[in-house]
Structure formats: structure tokens, C-alpha cells
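Student: Before we start, here is the structure in question, set down as C-alpha cells.
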Amino acid sequence: MNTKDNQRSRDTDERIIRAVYEVIDRDRKKVSQITVREICEKAAINRSTFYAHYMDVFDVVEKVERHMSQGLTEAFLNALDQGENIGSCFIKLFEYIRQYKDFYRYYLNETNNTGVISLAWDLIRERSAEIKPETVGMSSEREMEFSMNFFLYGITAMIRVWLNSGCQETSEELFHYLCRQFDEDRLKVIVW
């Protein structure tokens with residue numbers, strides 16, 4: 001039996017995911033242009049196998065987005081939970097992005113959104129939900145919201161430029177550039 005947790009099933013999942021991103025990357029197709037038939041041919045599976053794993057091509061992309069968002073969040077939060085300073089947390093986050101740079105380059109350029117990073121920040125911000133604006137030097141919840149969104153779109157743009165230039169800078173250098181835009185105390189406010 002081919003259950004979700006066995007190796008054969010995981011291998012099939014991986015082949016499907018790889019096929020979707022191969023079509024996106026090599027053939028420069030948008031997700032809406034990709035057919036299940038095309039993915040089945042590339043992954044060397046039949047349609048029933050595809051549908052045993054996913055509803056459609058969008059489902060594949062959505063699940064990969066969720067998985068990548070969770071990994072990105074864990075890279076950051078694990079460092080935070082281990083008592084590392086804010087710099088180490090961001091460096092771990094940047095290293096995770098570098099490790100999966102092909103995915104992130106595609107995602108941030110082709111989809112032209114912040115979905116994965118936004119999902120990750122939503123998970124990170126759950127920790128800061130109880131922080132009152134006045135305790136971090138802000139006048140209102142609205143100002144905190146503006147600050148968080150400014151940060152989210154700013155860091156996404158930095159990461160996009162970094163990925164498009166082949167990740168030339170180290171993770172440490174990228175954190176240094178981030179600190180030149182947002183001082184470390186402000187970064188702590190944003191993520192705590």
C-alpha cells in the first residue's frame with residue numbers, strides 16, 4: 001500500500017514537485033499554463049498517481065509554498081529559541097534562502113509576490129502579537145502595522161536583488177546591509 005508516509009510516496013511527491021518547477025523554470029510557463037498531463041509525462045507517472053497526491057498543479061505549488069515557508073520560519077525561530085542574537089537569526093534565514101535559491105528566485109520573480117516570506121513572517125509575528133505599541137516606541141497598532149509591512153516589502157526586495165545577482169554577498173554581508181536600513185533595535189521590535 002502506498003501511504004503518505006512511505007518512501008515510495010515521498011519519492012513520487014518529489015518527482016511531481018521537481019517536474020512542476022522544471023516546467024516553470026525551463027519552459028518559462030506560468031502555473032496556469034501547466035497541464036497535469038505535462039507533469040505526469042515529466043514525472044513518469046500516470047494521472048491517477050498525480051491525483052492521489054494533489055488536486056491540481058496549483059495544489060502542488062501551494063503545498064511547496066507552505067513547506068518552504070515553514071522551513072524559512074523554522075530556520076529563524078530555531079535560532080531565536082536557542083538564544084541566538086537577532087543577527088544570527090537573520091543569517092540563518094538568509095542561509096536557508098541561499099540553500100533553496102532556485103525556488104526563491106523563481107517564486108519572488110515569477111509570482112511577483114511575497115507569499116512565502118509573508119507566510120513566514122506571519123508565523124514569526126505570532127510571537128509578537130502581545131507586544132503593546134508603546135513598549136516599543138510606537139504610538140499605535142496602526143504604526144506597528146505600517147512598520148511591519150514596510151519591513152516585509154523591504155526585506156523581500158533585498159532578497160530578490162540578492163537572488164537575482166547570484167547571492168554574491170554572504171549572509172553576514174546581507175544582514176549588515178539590512179542593519180543599515182533598519183537598526184538592530186528596530187529589527188528586534190519587528191520580530192519580537
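Identifiers in this document derive from the order of the C-alpha cells: chains are assigned A, B, ..., residues are numbered from 1 separately in each chain, and ligands are numbered from 1 in order of occurrence.
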Region 122-182 of chain A near region 89-112 of chain A within 7 Å: what's each residue's closest atom pair and its distance in Å to one decimal, counting only C-alpha atoms, ordered by chain then ascending residue number, as a Markdown table?

Tutor:
| residue | atom | partner | partner_atom | distance |
| --- | --- | --- | --- | --- |
| A:Arg160 | CA | A:Leu108 | CA | 6.3 |
| A:Leu163 | CA | A:Arg105 | CA | 5.7 |
| A:Asn164 | CA | A:Arg105 | CA | 6.8 |
| A:Cys167 | CA | A:Arg98 | CA | 7.0 |
| A:Ser171 | CA | A:Ile91 | CA | 5.2 |
| A:Glu172 | CA | A:Ile91 | CA | 5.9 |
| A:Phe175 | CA | A:Ile91 | CA | 6.5 |

Student: Identify, on the basis of only C-alpha atoms, every residue whose closest approach to Glu22 (chain A) does not exceed 12 Å; exclude the query and any residue fewer than 6 positions from it along the same chain; express the result as a ChimeraX atom specification.

Tutor: /A:14-16,28-31,34,38-39,42-43,102-103,106

Student: Output the selection as a PDB file, in the first residue's frame - N, CA and C atoms for each residue.

Tutor:
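Written output follows (again_21.pdb):
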ATOM      1  N   GLU A  14       8.228  14.077  -4.624  1.00  0.00           N
ATOM      2  CA  GLU A  14       9.407  14.824  -5.050  1.00  0.00           C
ATOM      3  C   GLU A  14       9.489  14.906  -6.581  1.00  0.00           C
ATOM      4  N   ARG A  15       9.181  13.812  -7.264  1.00  0.00           N
ATOM      5  CA  ARG A  15       9.213  13.830  -8.741  1.00  0.00           C
ATOM      6  C   ARG A  15       8.165  14.788  -9.298  1.00  0.00           C
ATOM      7  N   ILE A  16       6.993  14.808  -8.693  1.00  0.00           N
ATOM      8  CA  ILE A  16       5.927  15.713  -9.148  1.00  0.00           C
ATOM      9  C   ILE A  16       6.360  17.162  -8.944  1.00  0.00           C
ATOM     10  N   ARG A  28       9.582  28.206 -18.944  1.00  0.00           N
ATOM     11  CA  ARG A  28       9.111  29.564 -18.631  1.00  0.00           C
ATOM     12  C   ARG A  28       7.591  29.669 -18.724  1.00  0.00           C
ATOM     13  N   LYS A  29       6.919  28.669 -18.173  1.00  0.00           N
ATOM     14  CA  LYS A  29       5.457  28.674 -18.164  1.00  0.00           C
ATOM     15  C   LYS A  29       4.954  29.162 -16.823  1.00  0.00           C
ATOM     16  N   LYS A  30       3.838  29.825 -16.862  1.00  0.00           N
ATOM     17  CA  LYS A  30       3.152  30.204 -15.633  1.00  0.00           C
ATOM     18  C   LYS A  30       2.382  28.979 -15.152  1.00  0.00           C
ATOM     19  N   VAL A  31       2.098  28.948 -13.873  1.00  0.00           N
ATOM     20  CA  VAL A  31       1.397  27.806 -13.288  1.00  0.00           C
ATOM     21  C   VAL A  31       0.081  27.553 -14.022  1.00  0.00           C
ATOM     22  N   ILE A  34       0.374  25.237 -17.128  1.00  0.00           N
ATOM     23  CA  ILE A  34       0.889  23.881 -16.987  1.00  0.00           C
ATOM     24  C   ILE A  34      -0.276  22.895 -16.861  1.00  0.00           C
ATOM     25  N   GLU A  38       1.192  17.139 -18.745  1.00  0.00           N
ATOM     26  CA  GLU A  38       2.589  17.521 -18.924  1.00  0.00           C
ATOM     27  C   GLU A  38       3.434  17.102 -17.712  1.00  0.00           C
ATOM     28  N   ILE A  39       2.897  17.324 -16.522  1.00  0.00           N
ATOM     29  CA  ILE A  39       3.606  16.960 -15.297  1.00  0.00           C
ATOM     30  C   ILE A  39       3.743  15.443 -15.194  1.00  0.00           C
ATOM     31  N   LYS A  42       6.546  14.275 -17.503  1.00  0.00           N
ATOM     32  CA  LYS A  42       7.872  14.615 -16.969  1.00  0.00           C
ATOM     33  C   LYS A  42       8.227  13.784 -15.738  1.00  0.00           C
ATOM     34  N   ALA A  43       7.241  13.513 -14.900  1.00  0.00           N
ATOM     35  CA  ALA A  43       7.482  12.766 -13.665  1.00  0.00           C
ATOM     36  C   ALA A  43       7.411  11.253 -13.878  1.00  0.00           C
ATOM     37  N   ASP A 102      17.081  28.521  -5.987  1.00  0.00           N
ATOM     38  CA  ASP A 102      16.338  28.350  -7.237  1.00  0.00           C
ATOM     39  C   ASP A 102      14.836  28.536  -7.007  1.00  0.00           C
ATOM     40  N   PHE A 103      14.342  27.917  -5.940  1.00  0.00           N
ATOM     41  CA  PHE A 103      12.927  28.085  -5.627  1.00  0.00           C
ATOM     42  C   PHE A 103      12.606  29.548  -5.347  1.00  0.00           C
ATOM     43  N   TYR A 106      12.741  31.872  -8.416  1.00  0.00           N
ATOM     44  CA  TYR A 106      11.519  31.703  -9.209  1.00  0.00           C
ATOM     45  C   TYR A 106      10.355  32.373  -8.506  1.00  0.00           C
TER      46      TYR A 106
END

Student: To one decimal in Å, tell me the separation between CA of Phe151 (chain A) and CA of Val61 (chain A).

Tutor: 25.4 Å

Student: Please return, as a ChimeraX atom specification, all residues of region 41-120 of chain A that DSSP assigns to alpha helix (DSSP H) on the basis of the backbone.

Tutor: /A:41-43,47-53,57-81,86-99,101-110,115-120

Student: Distance CA of Ser9 (chain A)-CA of His53 (chain A), one decimal place?

Tutor: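 If I compute the distance from CA of Ser9 (chain A) to CA of His53 (chain A), I get 8.4 Å.
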
Student: As an exercise, work out the distance from CA of Glu173 (chain A) to CA of Gly154 (chain A) in Å and give it to one decimal place.

Tutor: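 Going from CA of Glu173 (chain A) over to CA of Gly154 (chain A), I get 16.2 Å.
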
Student: Could you list, as a PDB file with N, CA and C atoms, in the first residue's frame, every residue within 12 Å of Ser48 (chain A), counting only C-alpha atoms and ignoring same-chain residues fewer than 6 positions away?

Tutor:
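Output file out-v9.pdb is given in full below:
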ATOM      1  N   VAL A  36      -1.720  18.903 -16.082  1.00  0.00           N
ATOM      2  CA  VAL A  36      -1.424  17.704 -15.310  1.00  0.00           C
ATOM      3  C   VAL A  36      -0.772  16.673 -16.223  1.00  0.00           C
ATOM      4  N   ARG A  37      -1.238  16.580 -17.436  1.00  0.00           N
ATOM      5  CA  ARG A  37      -0.667  15.637 -18.416  1.00  0.00           C
ATOM      6  C   ARG A  37       0.829  15.891 -18.594  1.00  0.00           C
ATOM      7  N   CYS A  40       2.693  14.727 -15.523  1.00  0.00           N
ATOM      8  CA  CYS A  40       2.731  13.263 -15.474  1.00  0.00           C
ATOM      9  C   CYS A  40       3.794  12.715 -16.418  1.00  0.00           C
ATOM     10  N   TYR A  54      -2.158  15.139  -5.347  1.00  0.00           N
ATOM     11  CA  TYR A  54      -2.535  16.550  -5.470  1.00  0.00           C
ATOM     12  C   TYR A  54      -3.847  16.695  -6.222  1.00  0.00           C
ATOM     13  N   MET A  55      -4.519  17.818  -5.958  1.00  0.00           N
ATOM     14  CA  MET A  55      -5.771  18.104  -6.664  1.00  0.00           C
ATOM     15  C   MET A  55      -5.504  18.628  -8.069  1.00  0.00           C
ATOM     16  N   ASP A  56      -4.495  19.490  -8.189  1.00  0.00           N
ATOM     17  CA  ASP A  56      -4.135  20.084  -9.474  1.00  0.00           C
ATOM     18  C   ASP A  56      -2.741  20.700  -9.343  1.00  0.00           C
TER      19      ASP A  56
END
